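Text of final37.csv, listed as CSV, C-alpha atoms (C1' of nucleotides):
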```csv
chain,number,residue,atom,x,y,z
A,20,MET,CA,-11.5,-8.7,-28.7
A,21,GLU,CA,-9.1,-6.9,-26.6
A,22,ASN,CA,-7.1,-8.3,-23.7
A,23,LYS,CA,-8.0,-6.6,-20.5
A,24,GLU,CA,-5.3,-8.1,-18.4
A,25,TYR,CA,-2.2,-6.2,-17.5
A,26,THR,CA,1.0,-7.0,-19.3
A,27,ALA,CA,3.9,-8.7,-17.6
A,28,ARG,CA,5.9,-5.4,-18.0
A,29,GLN,CA,3.2,-3.4,-16.3
A,30,GLU,CA,3.0,-5.9,-13.4
A,31,GLN,CA,6.8,-5.9,-13.0
A,32,LEU,CA,7.0,-2.1,-13.2
A,33,ALA,CA,4.3,-1.8,-10.6
A,34,ARG,CA,6.0,-4.3,-8.4
A,35,PHE,CA,9.2,-2.4,-8.4
A,36,ALA,CA,7.4,0.9,-8.0
A,37,LYS,CA,5.5,-0.4,-5.0
A,38,ALA,CA,8.7,-1.6,-3.4
A,39,LEU,CA,10.0,1.9,-3.7
A,40,GLY,CA,6.8,3.5,-2.5
A,41,HIS,CA,8.0,4.3,1.0
A,42,PRO,CA,10.6,6.9,2.1
A,43,ALA,CA,12.3,4.4,4.3
A,44,ARG,CA,12.8,2.0,1.4
A,45,ILE,CA,14.1,4.9,-0.8
A,46,ALA,CA,16.5,5.8,2.0
A,47,ILE,CA,17.6,2.2,2.2
A,48,MET,CA,18.3,2.0,-1.5
A,49,ASP,CA,20.1,5.4,-1.4
A,50,PHE,CA,22.3,4.0,1.4
A,51,LEU,CA,23.0,0.7,-0.2
A,52,LEU,CA,23.9,2.4,-3.5
A,53,LYS,CA,26.6,4.5,-2.0
A,54,GLN,CA,28.1,2.3,0.8
A,55,LYS,CA,30.8,-0.3,0.3
A,56,CYS,CA,29.5,-2.4,3.0
A,57,CYS,CA,26.0,-2.6,4.1
A,58,PHE,CA,25.3,-4.3,7.4
A,59,PHE,CA,21.9,-4.3,8.9
A,60,GLY,CA,23.1,-2.2,11.8
A,61,ASP,CA,24.5,0.5,9.5
A,62,ILE,CA,21.2,0.9,7.8
A,63,ASN,CA,19.2,0.7,11.0
A,64,GLU,CA,21.4,3.5,12.4
A,65,VAL,CA,20.4,6.0,9.8
A,66,LEU,CA,16.7,5.4,9.8
A,67,PRO,CA,14.1,6.9,12.2
A,68,ILE,CA,12.3,3.6,12.8
A,69,SER,CA,12.8,0.6,15.0
A,70,LYS,CA,14.9,-2.3,13.9
A,71,ALA,CA,11.9,-4.6,13.6
A,72,THR,CA,10.5,-2.2,11.0
A,73,VAL,CA,13.8,-1.8,9.2
A,74,SER,CA,14.0,-5.6,9.0
A,75,GLN,CA,10.5,-5.6,7.5
A,76,HIS,CA,11.3,-3.0,4.9
A,77,LEU,CA,14.4,-4.9,3.9
A,78,LYS,CA,12.3,-8.0,3.5
A,79,GLU,CA,10.0,-6.2,1.1
A,80,LEU,CA,12.9,-4.9,-1.0
A,81,LYS,CA,14.3,-8.4,-1.0
A,82,GLU,CA,11.0,-9.9,-2.1
A,83,ALA,CA,10.8,-7.4,-4.9
A,84,GLY,CA,14.3,-8.5,-5.9
A,85,LEU,CA,15.9,-5.2,-5.5
A,86,ILE,CA,18.4,-6.2,-2.8
A,87,GLN,CA,19.9,-9.4,-1.4
A,88,GLY,CA,21.2,-10.3,2.0
A,89,GLU,CA,23.7,-12.7,3.3
A,90,ILE,CA,24.7,-13.8,6.7
A,91,GLU,CA,28.2,-12.9,7.8
A,92,THR,CA,28.2,-13.9,11.3
A,93,PRO,CA,27.3,-12.3,13.5
A,94,LYS,CA,26.1,-9.6,11.1
A,95,VAL,CA,23.9,-9.6,8.0
A,96,LYS,CA,25.3,-7.9,4.9
A,97,TYR,CA,22.9,-6.4,2.5
A,98,CYS,CA,23.5,-5.2,-1.0
A,99,VAL,CA,21.8,-4.2,-4.2
A,100,ASN,CA,20.8,-7.0,-6.5
A,101,ILE,CA,22.6,-5.6,-9.6
A,102,GLU,CA,20.8,-7.7,-12.2
A,103,ASN,CA,17.3,-6.7,-11.0
A,104,TRP,CA,18.4,-3.2,-10.3
A,105,GLU,CA,19.4,-2.8,-13.9
A,106,MET,CA,16.2,-4.3,-15.1
A,107,ALA,CA,14.3,-1.8,-12.9
A,108,SER,CA,16.4,1.0,-14.2
A,109,LYS,CA,15.6,0.0,-17.8
A,110,LEU,CA,11.9,-0.4,-17.2
A,111,PHE,CA,11.6,3.0,-15.5
A,112,SER,CA,13.8,4.6,-18.1
A,113,GLU,CA,11.6,3.3,-20.9
A,114,PHE,CA,8.5,4.1,-19.0
A,115,PHE,CA,9.4,7.8,-18.5
A,116,GLY,CA,10.9,7.9,-22.0
A,117,GLN,CA,7.5,7.4,-23.6
A,118,ASN,CA,6.6,10.5,-25.7
A,119,ILE,CA,3.9,12.7,-24.2
A,120,CYS,CA,1.3,13.7,-26.7
A,121,LYS,CA,1.7,17.3,-27.7
A,122,GLN,CA,-0.7,17.6,-30.6
A,123,GLU,CA,-3.0,20.5,-30.8
A,124,ASN,CA,-6.0,18.5,-29.9
A,125,CYS,CA,-4.3,17.2,-26.8
A,126,CYS,CA,-5.7,18.6,-23.6
A,127,GLN,CA,-2.6,20.6,-22.9
B,5,MET,CA,24.3,14.5,15.4
B,6,GLU,CA,22.7,13.0,12.4
B,7,ASN,CA,19.3,13.8,11.0
B,8,LYS,CA,17.2,10.7,10.9
B,9,GLU,CA,14.3,12.2,9.0
B,10,TYR,CA,13.8,11.5,5.4
B,11,THR,CA,14.8,14.1,2.9
B,12,ALA,CA,12.2,15.9,0.8
B,13,ARG,CA,13.5,14.2,-2.2
B,14,GLN,CA,13.1,10.8,-0.7
B,15,GLU,CA,9.6,11.6,0.3
B,16,GLN,CA,8.7,12.9,-3.2
B,17,LEU,CA,10.3,9.9,-4.9
B,18,ALA,CA,8.4,7.6,-2.6
B,19,ARG,CA,5.1,9.4,-3.3
B,20,PHE,CA,5.6,9.1,-7.0
B,21,ALA,CA,6.7,5.4,-6.7
B,22,LYS,CA,3.7,4.6,-4.5
B,23,ALA,CA,1.3,6.2,-7.0
B,24,LEU,CA,2.9,4.0,-9.7
B,25,GLY,CA,2.8,0.9,-7.5
B,26,HIS,CA,-0.2,-0.7,-9.0
B,27,PRO,CA,-0.5,-2.3,-12.5
B,28,ALA,CA,-3.8,-0.5,-13.2
B,29,ARG,CA,-2.1,2.8,-12.6
B,30,ILE,CA,0.9,1.9,-14.8
B,31,ALA,CA,-1.6,0.9,-17.5
B,32,ILE,CA,-3.4,4.2,-17.1
B,33,MET,CA,-0.2,6.2,-17.4
B,34,ASP,CA,0.8,4.1,-20.5
B,35,PHE,CA,-2.5,4.9,-22.0
B,36,LEU,CA,-2.4,8.6,-21.3
B,37,LEU,CA,1.1,8.8,-22.6
B,38,LYS,CA,0.2,7.5,-26.0
B,39,GLN,CA,-3.4,8.8,-26.6
B,40,LYS,CA,-4.2,12.2,-28.0
B,41,CYS,CA,-7.5,12.3,-26.1
B,42,CYS,CA,-8.0,10.7,-22.8
B,43,PHE,CA,-11.6,10.4,-21.7
B,44,PHE,CA,-12.5,8.5,-18.7
B,45,GLY,CA,-14.5,6.1,-20.8
B,46,ASP,CA,-11.5,5.3,-23.0
B,47,ILE,CA,-9.4,4.4,-20.0
B,48,ASN,CA,-12.2,2.5,-18.3
B,49,GLU,CA,-12.6,0.4,-21.5
B,50,VAL,CA,-9.1,-1.0,-21.5
B,51,LEU,CA,-8.9,-1.8,-17.8
B,52,PRO,CA,-10.1,-5.1,-16.2
B,53,ILE,CA,-11.8,-3.4,-13.3
B,54,SER,CA,-15.0,-1.5,-12.5
B,55,LYS,CA,-15.5,2.1,-13.3
B,56,ALA,CA,-15.7,2.9,-9.6
B,57,THR,CA,-12.2,1.4,-9.1
B,58,VAL,CA,-10.8,3.2,-12.2
B,59,SER,CA,-12.1,6.4,-10.9
B,60,GLN,CA,-10.3,5.8,-7.6
B,61,HIS,CA,-7.0,5.0,-9.3
B,62,LEU,CA,-7.3,8.2,-11.3
B,63,LYS,CA,-7.9,10.1,-8.1
B,64,GLU,CA,-4.7,8.7,-6.6
B,65,LEU,CA,-2.7,9.6,-9.7
B,66,LYS,CA,-4.2,13.0,-9.6
B,67,GLU,CA,-3.4,13.4,-5.9
B,68,ALA,CA,0.2,12.4,-6.6
B,69,GLY,CA,0.3,15.1,-9.2
B,70,LEU,CA,1.0,12.8,-12.2
B,71,ILE,CA,-2.2,13.6,-14.1
B,72,GLN,CA,-4.9,16.1,-14.3
B,73,GLY,CA,-8.5,16.0,-15.3
B,74,GLU,CA,-10.9,18.5,-16.6
B,75,ILE,CA,-14.7,18.3,-17.3
B,76,GLU,CA,-15.7,18.5,-20.9
B,77,THR,CA,-19.3,17.9,-20.6
B,78,PRO,CA,-20.6,15.3,-20.6
B,79,LYS,CA,-17.2,13.6,-20.4
B,80,VAL,CA,-14.1,14.0,-18.3
B,81,LYS,CA,-10.8,14.4,-20.0
B,82,TYR,CA,-7.6,13.2,-18.4
B,83,CYS,CA,-4.1,13.9,-19.3
B,84,VAL,CA,-0.5,13.8,-18.0
B,85,ASN,CA,0.6,16.7,-15.8
B,86,ILE,CA,3.6,17.5,-17.9
B,87,GLU,CA,5.5,19.5,-15.3
B,88,ASN,CA,5.2,16.9,-12.5
B,89,TRP,CA,5.8,14.1,-15.0
B,90,GLU,CA,9.1,15.7,-15.9
B,91,MET,CA,10.0,16.1,-12.2
B,92,ALA,CA,9.2,12.4,-11.6
B,93,SER,CA,11.3,11.5,-14.6
B,94,LYS,CA,14.2,13.5,-13.4
B,95,LEU,CA,14.0,12.1,-9.9
B,96,PHE,CA,13.9,8.5,-11.0
B,97,SER,CA,16.6,9.0,-13.6
B,98,GLU,CA,18.9,10.4,-10.9
B,99,PHE,CA,17.9,7.7,-8.5
B,100,PHE,CA,18.7,4.9,-10.9
B,101,GLY,CA,21.8,6.8,-12.1
B,102,GLN,CA,23.5,6.5,-8.7
B,103,ASN,CA,26.6,4.5,-9.0
B,104,ILE,CA,26.5,1.0,-7.5
B,105,CYS,CA,29.5,0.2,-5.5
B,106,LYS,CA,31.8,-2.2,-7.3
B,107,GLN,CA,34.8,-2.1,-5.0
B,108,GLU,CA,36.5,-5.4,-4.1
B,109,ASN,CA,35.3,-5.3,-0.6
B,110,CYS,CA,31.7,-4.8,-1.7
B,111,CYS,CA,29.5,-7.8,-1.2
B,112,GLN,CA,29.3,-8.5,-4.9
C,14,DT,C1',-41.0,15.8,-17.7
C,15,DA,C1',-39.1,11.2,-18.3
C,16,DT,C1',-34.8,8.9,-19.9
C,17,DA,C1',-30.1,8.1,-21.1
C,18,DT,C1',-25.2,9.0,-20.6
C,19,DC,C1',-21.1,9.9,-18.0
C,20,DG,C1',-18.4,9.5,-14.2
C,21,DT,C1',-18.0,10.4,-9.1
C,22,DT,C1',-19.0,9.3,-4.5
C,23,DC,C1',-20.9,6.4,-0.7
C,24,DG,C1',-20.9,2.4,2.0
C,25,DC,C1',-19.1,-1.7,2.8
C,26,DA,C1',-15.8,-5.7,3.1
C,27,DA,C1',-11.5,-8.0,2.7
C,28,DA,C1',-6.7,-7.7,2.5
C,29,DA,C1',-2.3,-5.4,2.8
C,30,DT,C1',0.7,-2.1,5.0
C,31,DT,C1',3.1,0.2,8.6
C,32,DA,C1',4.9,0.2,13.1
C,33,DC,C1',6.4,-1.4,17.6
C,34,DG,C1',8.0,-4.1,21.7
C,35,DA,C1',8.9,-8.5,23.2
C,36,DA,C1',10.6,-12.9,22.4
C,37,DC,C1',13.6,-15.6,19.9
C,38,DA,C1',17.7,-18.0,17.5
C,39,DA,C1',22.5,-18.1,16.5
C,40,DT,C1',26.8,-17.2,17.4
C,41,DA,C1',30.6,-15.2,20.2
C,42,DT,C1',32.6,-13.9,24.8
C,43,DT,C1',33.4,-14.1,29.7
D,30,DA,C1',27.2,-22.2,31.8
D,31,DA,C1',25.9,-17.4,31.9
D,32,DT,C1',26.1,-13.1,29.1
D,33,DA,C1',26.3,-10.0,25.1
D,34,DT,C1',25.6,-9.0,20.2
D,35,DT,C1',23.1,-9.2,16.0
D,36,DG,C1',19.0,-9.3,13.5
D,37,DT,C1',14.6,-11.9,12.6
D,38,DT,C1',10.1,-13.3,13.7
D,39,DC,C1',5.8,-13.1,16.5
D,40,DG,C1',1.8,-10.9,18.1
D,41,DT,C1',-0.9,-7.0,18.0
D,42,DA,C1',-3.0,-2.6,16.6
D,43,DA,C1',-4.1,1.2,13.7
D,44,DT,C1',-4.4,2.7,9.1
D,45,DT,C1',-4.5,2.3,4.2
D,46,DT,C1',-5.5,0.0,0.0
D,47,DT,C1',-8.2,-2.3,-3.3
D,48,DG,C1',-12.5,-3.5,-5.2
D,49,DC,C1',-17.4,-3.5,-6.1
D,50,DG,C1',-22.4,-2.3,-6.6
D,51,DA,C1',-25.6,1.1,-5.8
D,52,DA,C1',-26.8,5.6,-5.5
D,53,DC,C1',-26.1,10.0,-7.0
D,54,DG,C1',-25.5,14.6,-9.6
D,55,DA,C1',-25.0,16.9,-13.9
D,56,DT,C1',-26.0,17.4,-18.4
D,57,DA,C1',-28.2,16.2,-22.8
D,58,DT,C1',-32.1,14.0,-25.4
D,59,DA,C1',-36.7,12.1,-26.4
```
Mind turning the file's structure into C-alpha coordinates?
Amino acid sequence: MENKEYTARQEQLARFAKALGHPARIAIMDFLLKQKCCFFGDINEVLPISKATVSQHLKELKEAGLIQGEIETPKVKYCVNIENWEMASKLFSEFFGQNICKQENCCQ
Amino acid sequence: MENKEYTARQEQLARFAKALGHPARIAIMDFLLKQKCCFFGDINEVLPISKATVSQHLKELKEAGLIQGEIETPKVKYCVNIENWEMASKLFSEFFGQNICKQENCCQ
DNA sequence: TATATCGTTCGCAAAATTACGAACAATATT
DNA sequence: AATATTGTTCGTAATTTTGCGAACGATATA
(Lines of atoms letter the chains of each structure in order from A and count residues from 1; the text may use other names and numbers.)
(Lines give C-alpha, C1' and ligand atoms only; values in the text may rest on other atoms or scores of the structure.)
Protein backbone atom coordinates (compact mmCIF):
# COMPACT_ATOMS: atom_id res chain seq x y z
CA MET A 1 0.00 0.00 0.00
CA GLU A 2 2.54 2.54 -0.99
CA ASN A 3 2.06 6.17 -1.65
CA LYS A 4 2.87 7.06 -5.19
CA GLU A 5 2.66 10.78 -4.81
CA TYR A 6 5.71 12.94 -4.56
CA THR A 7 6.67 14.27 -1.15
CA ALA A 8 6.41 17.95 -0.31
CA ARG A 9 10.20 18.00 -0.11
CA GLN A 10 10.54 16.57 -3.60
CA GLU A 11 8.06 19.09 -4.96
CA GLN A 12 9.83 21.98 -3.29
CA LEU A 13 13.26 20.84 -4.39
CA ALA A 14 12.01 20.47 -7.95
CA ARG A 15 10.44 23.92 -7.83
CA PHE A 16 13.71 25.52 -6.79
CA ALA A 17 15.69 23.46 -9.29
CA LYS A 18 13.34 24.40 -12.08
CA ALA A 19 13.66 28.07 -11.22
CA LEU A 20 17.44 27.70 -11.46
CA GLY A 21 17.22 25.71 -14.67
CA HIS A 22 18.17 28.48 -17.05
CA PRO A 23 21.57 30.16 -17.40
CA ALA A 24 19.99 33.61 -17.31
CA ARG A 25 18.46 32.86 -13.94
CA ILE A 26 21.72 31.43 -12.61
CA ALA A 27 23.42 34.62 -13.82
CA ILE A 28 20.79 36.74 -12.09
CA MET A 29 21.28 34.89 -8.81
CA ASP A 30 25.06 35.18 -9.13
CA PHE A 31 24.65 38.89 -9.63
CA LEU A 32 22.22 39.44 -6.78
CA LEU A 33 24.40 37.42 -4.43
CA LYS A 34 27.38 39.65 -4.90
CA GLN A 35 25.89 43.11 -5.42
CA LYS A 36 24.99 45.49 -2.70
CA CYS A 37 22.26 47.05 -4.73
CA CYS A 38 20.34 45.32 -7.33
CA PHE A 39 18.31 47.49 -9.62
CA PHE A 40 16.58 46.01 -12.59
CA GLY A 41 18.74 48.09 -14.91
CA ASP A 42 21.95 46.72 -13.43
CA ILE A 43 20.84 43.17 -13.99
CA ASN A 44 19.53 43.94 -17.45
CA GLU A 45 22.88 45.44 -18.38
CA VAL A 46 24.86 42.28 -17.82
CA LEU A 47 22.49 39.87 -19.53
CA PRO A 48 22.48 39.11 -23.27
CA ILE A 49 18.69 39.26 -23.56
CA SER A 50 16.02 41.93 -23.87
CA LYS A 51 14.58 43.71 -20.86
CA ALA A 52 11.22 42.07 -21.46
CA THR A 53 12.85 38.68 -21.10
CA VAL A 54 14.89 39.73 -18.08
CA SER A 55 11.69 40.91 -16.44
CA GLN A 56 10.13 37.53 -17.14
CA HIS A 57 13.03 35.62 -15.62
CA LEU A 58 12.91 37.84 -12.55
CA LYS A 59 9.23 37.07 -12.24
CA GLU A 60 9.90 33.35 -12.24
CA LEU A 61 12.59 33.62 -9.61
CA LYS A 62 10.20 35.73 -7.56
CA GLU A 63 7.40 33.20 -7.94
CA ALA A 64 9.74 30.43 -6.84
CA GLY A 65 10.46 32.56 -3.79
CA LEU A 66 14.16 32.94 -4.41
CA ILE A 67 14.13 36.71 -4.81
CA GLN A 68 11.99 39.68 -3.97
CA GLY A 69 11.55 43.08 -5.53
CA GLU A 70 10.47 46.43 -4.28
CA ILE A 71 9.74 49.64 -6.08
CA GLU A 72 12.10 52.48 -5.32
CA THR A 73 10.85 55.06 -7.69
CA PRO A 74 11.73 55.33 -10.45
CA LYS A 75 13.64 52.08 -10.20
CA VAL A 76 12.94 48.60 -8.96
CA LYS A 77 15.28 47.02 -6.47
CA TYR A 78 15.71 43.27 -6.42
CA CYS A 79 17.36 41.12 -3.82
CA VAL A 80 17.68 37.56 -2.64
CA ASN A 81 14.92 36.29 -0.39
CA ILE A 82 17.22 35.22 2.40
CA GLU A 83 14.79 32.94 4.18
CA ASN A 84 13.92 30.93 1.11
CA TRP A 85 17.46 31.00 -0.17
CA GLU A 86 18.53 29.33 3.02
CA MET A 87 15.78 26.78 2.72
CA ALA A 88 16.89 26.00 -0.83
CA SER A 89 20.48 25.79 0.30
CA LYS A 90 19.53 23.31 2.99
CA LEU A 91 17.39 21.19 0.68
CA PHE A 92 20.08 20.93 -1.97
CA SER A 93 22.78 20.31 0.58
CA GLU A 94 20.82 17.41 2.06
CA PHE A 95 19.92 16.14 -1.38
CA PHE A 96 23.51 15.99 -2.54
CA GLY A 97 24.58 14.76 0.86
CA GLN A 98 22.72 11.48 0.44
CA ASN A 99 25.11 8.58 0.44
CA ILE A 100 25.68 6.93 -2.86
CA CYS A 101 25.57 3.18 -2.70
CA LYS A 102 29.01 1.71 -3.04
CA GLN A 103 28.33 -1.91 -2.18
CA GLU A 104 29.86 -4.62 -4.28
CA ASN A 105 26.58 -5.52 -5.87
CA CYS A 106 25.97 -1.97 -6.90
CA CYS A 107 26.30 -1.34 -10.58
CA GLN A 108 29.46 0.69 -10.20
CA MET B 1 33.67 45.90 -23.05
CA GLU B 2 31.89 43.30 -21.05
CA ASN B 3 31.06 39.82 -22.05
CA LYS B 4 27.35 39.23 -22.09
CA GLU B 5 27.45 35.53 -22.63
CA TYR B 6 26.86 33.08 -19.85
CA THR B 7 29.84 31.32 -18.37
CA ALA B 8 30.39 27.60 -18.84
CA ARG B 9 29.77 27.19 -15.13
CA GLN B 10 26.43 28.98 -15.36
CA GLU B 11 25.43 26.84 -18.32
CA GLN B 12 26.42 23.62 -16.56
CA LEU B 13 24.72 24.59 -13.33
CA ALA B 14 21.55 25.44 -15.23
CA ARG B 15 21.71 22.13 -17.11
CA PHE B 16 21.88 20.17 -13.87
CA ALA B 17 19.21 22.31 -12.24
CA LYS B 18 16.92 21.88 -15.20
CA ALA B 19 17.37 18.11 -15.10
CA LEU B 20 16.36 18.20 -11.43
CA GLY B 21 13.46 20.53 -12.09
CA HIS B 22 10.71 17.95 -11.93
CA PRO B 23 9.50 16.04 -8.87
CA ALA B 24 9.62 12.74 -10.75
CA ARG B 25 13.29 13.26 -11.48
CA ILE B 26 14.01 14.23 -7.89
CA ALA B 27 12.18 11.08 -6.81
CA ILE B 28 14.24 9.02 -9.24
CA MET B 29 17.49 10.44 -7.91
CA ASP B 30 16.35 9.88 -4.31
CA PHE B 31 15.62 6.29 -5.21
CA LEU B 32 18.87 5.66 -7.05
CA LEU B 33 20.86 7.20 -4.25
CA LYS B 34 19.55 4.79 -1.66
CA GLN B 35 19.06 1.55 -3.59
CA LYS B 36 21.70 -1.04 -4.17
CA CYS B 37 20.16 -2.12 -7.39
CA CYS B 38 18.21 0.04 -9.61
CA PHE B 39 16.20 -1.69 -12.27
CA PHE B 40 13.80 0.24 -14.39
CA GLY B 41 10.89 -1.75 -12.98
CA ASP B 42 11.79 -0.80 -9.41
CA ILE B 43 11.80 2.85 -10.26
CA ASN B 44 8.64 2.59 -12.31
CA GLU B 45 6.89 0.92 -9.39
CA VAL B 46 7.29 3.84 -7.03
CA LEU B 47 6.36 6.61 -9.43
CA PRO B 48 2.80 7.77 -10.13
CA ILE B 49 3.32 7.95 -13.89
CA SER B 50 3.33 5.57 -16.83
CA LYS B 51 6.40 3.60 -17.81
CA ALA B 52 6.69 5.56 -21.04
CA THR B 53 6.97 8.74 -19.02
CA VAL B 54 9.39 7.22 -16.53
CA SER B 55 11.57 6.16 -19.43
CA GLN B 56 11.53 9.70 -20.73
CA HIS B 57 12.55 11.19 -17.39
CA LEU B 58 15.37 8.66 -17.13
CA LYS B 59 16.52 9.69 -20.56
CA GLU B 60 16.69 13.32 -19.52
CA LEU B 61 18.68 12.54 -16.40
CA LYS B 62 20.99 10.44 -18.53
CA GLU B 63 21.44 13.22 -21.06
CA ALA B 64 22.25 15.63 -18.28
CA GLY B 65 24.89 13.14 -17.17
CA LEU B 66 23.46 12.50 -13.72
CA ILE B 67 22.75 8.82 -14.23
CA GLN B 68 23.75 5.97 -16.44
CA GLY B 69 22.01 2.79 -17.54
CA GLU B 70 23.19 -0.55 -18.69
CA ILE B 71 21.31 -3.50 -20.10
CA GLU B 72 21.29 -6.58 -17.94
CA THR B 73 19.02 -8.77 -19.93
CA PRO B 74 16.13 -8.82 -19.65
CA LYS B 75 16.25 -5.77 -17.41
CA VAL B 76 17.90 -2.40 -17.49
CA LYS B 77 19.94 -1.30 -14.53
CA TYR B 78 20.26 2.35 -13.69
CA CYS B 79 22.63 4.06 -11.34
CA VAL B 80 24.03 7.44 -10.43
CA ASN B 81 26.93 8.69 -12.52
CA ILE B 82 29.23 9.26 -9.60
CA GLU B 83 31.68 11.53 -11.36
CA ASN B 84 29.06 13.93 -12.63
CA TRP B 85 27.05 13.70 -9.45
CA GLU B 86 30.07 14.93 -7.57
CA MET B 87 30.59 17.71 -10.06
CA ALA B 88 26.96 18.77 -9.62
CA SER B 89 27.31 18.56 -5.87
CA LYS B 90 30.35 20.81 -5.98
CA LEU B 91 28.75 23.33 -8.31
CA PHE B 92 25.61 23.64 -6.20
CA SER B 93 27.57 23.75 -3.00
CA GLU B 94 29.67 26.64 -4.28
CA PHE B 95 26.62 28.34 -5.74
CA PHE B 96 24.77 28.31 -2.45
CA GLY B 97 27.95 29.06 -0.59
CA GLN B 98 28.21 32.53 -2.14
CA ASN B 99 27.96 35.21 0.48
CA ILE B 100 24.76 37.10 0.54
CA CYS B 101 25.30 40.81 0.87
CA LYS B 102 24.38 42.04 4.30
CA GLN B 103 25.71 45.57 4.20
CA GLU B 104 23.58 48.37 5.54
CA ASN B 105 22.79 49.72 2.13
CA CYS B 106 21.61 46.35 0.95
CA CYS B 107 17.89 46.06 0.49
CA GLN B 108 17.46 43.74 3.44
C1' DT C 1 6.78 -21.49 -32.90
C1' DA C 2 3.61 -19.06 -29.85
C1' DT C 3 3.77 -16.31 -25.49
C1' DA C 4 5.35 -13.54 -21.79
C1' DT C 5 8.46 -10.08 -19.86
C1' DC C 6 10.99 -5.82 -19.95
C1' DG C 7 11.62 -1.36 -21.30
C1' DT C 8 12.16 1.91 -25.34
C1' DT C 9 10.34 4.50 -29.02
C1' DC C 10 6.54 6.47 -31.83
C1' DG C 11 2.79 9.46 -32.51
C1' DC C 12 0.00 12.53 -30.70
C1' DA C 13 -1.98 16.33 -27.76
C1' DA C 14 -1.93 19.85 -24.31
C1' DA C 15 0.56 22.96 -21.75
C1' DA C 16 4.62 25.52 -20.46
C1' DT C 17 8.87 27.95 -21.68
C1' DT C 18 11.63 31.25 -24.02
C1' DA C 19 12.12 35.36 -26.54
C1' DC C 20 11.12 39.76 -28.60
C1' DG C 21 9.12 44.35 -29.91
C1' DA C 22 5.57 47.36 -28.95
C1' DA C 23 2.54 49.40 -25.92
C1' DC C 24 1.83 50.82 -21.49
C1' DA C 25 1.83 52.93 -16.55
C1' DA C 26 4.06 55.66 -13.19
C1' DT C 27 6.86 59.02 -11.89
C1' DA C 28 10.11 62.82 -12.76
C1' DT C 29 11.88 66.76 -15.66
C1' DT C 30 11.67 70.46 -18.97
C1' DA D 1 1.45 70.06 -20.89
C1' DA D 2 5.10 67.68 -23.47
C1' DT D 3 9.14 64.62 -22.69
C1' DA D 4 12.26 61.29 -20.66
C1' DT D 5 13.23 57.36 -17.62
C1' DT D 6 12.26 52.90 -15.66
C1' DG D 7 10.47 48.54 -15.88
C1' DT D 8 6.13 45.67 -16.59
C1' DT D 9 2.69 43.66 -19.41
C1' DC D 10 0.63 42.31 -23.88
C1' DG D 11 0.53 39.85 -28.02
C1' DT D 12 2.72 36.71 -30.77
C1' DA D 13 5.66 32.94 -32.42
C1' DA D 14 8.71 29.07 -32.06
C1' DT D 15 10.27 25.51 -29.29
C1' DT D 16 10.30 22.41 -25.43
C1' DT D 17 8.18 19.74 -21.91
C1' DT D 18 5.08 16.50 -20.03
C1' DG D 19 2.20 12.67 -20.46
C1' DC D 20 -0.05 8.64 -22.35
C1' DG D 21 -1.32 4.44 -25.04
C1' DA D 22 0.07 1.63 -28.61
C1' DA D 23 3.47 -0.50 -31.14
C1' DC D 24 7.81 -2.34 -31.13
C1' DG D 25 12.33 -5.04 -30.38
C1' DA D 26 14.92 -8.19 -27.71
C1' DT D 27 15.26 -11.93 -24.98
C1' DA D 28 13.49 -15.83 -22.36
C1' DT D 29 9.92 -19.52 -21.64
C1' DA D 30 6.25 -22.79 -22.65
Excluding same-chain residues fewer than 2 positions from stretch 74-88 of chain B, what lies within 9 Å of it counting only C-alpha atoms (C1' of nucleotides), as a ChimeraX atom specification? /A:119-120,125-127 /B:33,36-37,39-45,62,66,68-72,90-93 /C:18-20 /D:55-57
Calculate the C-alpha RMSD, in Å to one decimal, after superposing chain B onto chain A by least squares over all C-alpha atoms paired in sequence order. 0.1 Å
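Coordinates place atom CA of A:Gly88 at a distance of 23.9 Å from atom CA of B:Lys22.
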Taking only residues of chain C that have an atom at most 12 Å from an atom of chain A, what is each one's shortest atom pair and its distance in Å to one decimal, using all atoms listed in the file, in chain and number order, as a Markdown table?
```
| residue | atom | partner | partner_atom | distance |
| --- | --- | --- | --- | --- |
| C:DT30 | C1' | A:His41 | CA | 10.5 |
| C:DT31 | C1' | A:Thr72 | CA | 8.1 |
| C:DA32 | C1' | A:Thr72 | CA | 6.4 |
| C:DC33 | C1' | A:Ser69 | CA | 7.2 |
| C:DG34 | C1' | A:Ala71 | CA | 9.0 |
| C:DA35 | C1' | A:Ala71 | CA | 10.8 |
| C:DA38 | C1' | A:Pro93 | CA | 11.9 |
| C:DA39 | C1' | A:Pro93 | CA | 8.1 |
| C:DT40 | C1' | A:Pro93 | CA | 6.3 |
| C:DA41 | C1' | A:Pro93 | CA | 8.0 |
```
Quick check: residues of chain D within 8 Å of chain A, all atoms listed in the file, returned as an NGL selection string. :D and (34-37)
What would the file look like if the residues just selected were written as a PDB file, in the coordinates of the input with C-alpha atoms (C1' of nucleotides)?
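Below is the file that was written, selection-v7.pdb:
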```
ATOM      1  C1'  DT D  34      25.600  -9.000  20.200  1.00  0.00           C
ATOM      2  C1'  DT D  35      23.100  -9.200  16.000  1.00  0.00           C
ATOM      3  C1'  DG D  36      19.000  -9.300  13.500  1.00  0.00           C
ATOM      4  C1'  DT D  37      14.600 -11.900  12.600  1.00  0.00           C
TER       5       DT D  37
END
```
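Taking atom CA of B:Glu15 and atom CA of A:Asp49 as endpoints, the distance between them is 12.3 Å.
Our summary of the geometry notes that atom CA of B:Leu24 is positioned 12.9 Å from atom CA of A:Arg28.
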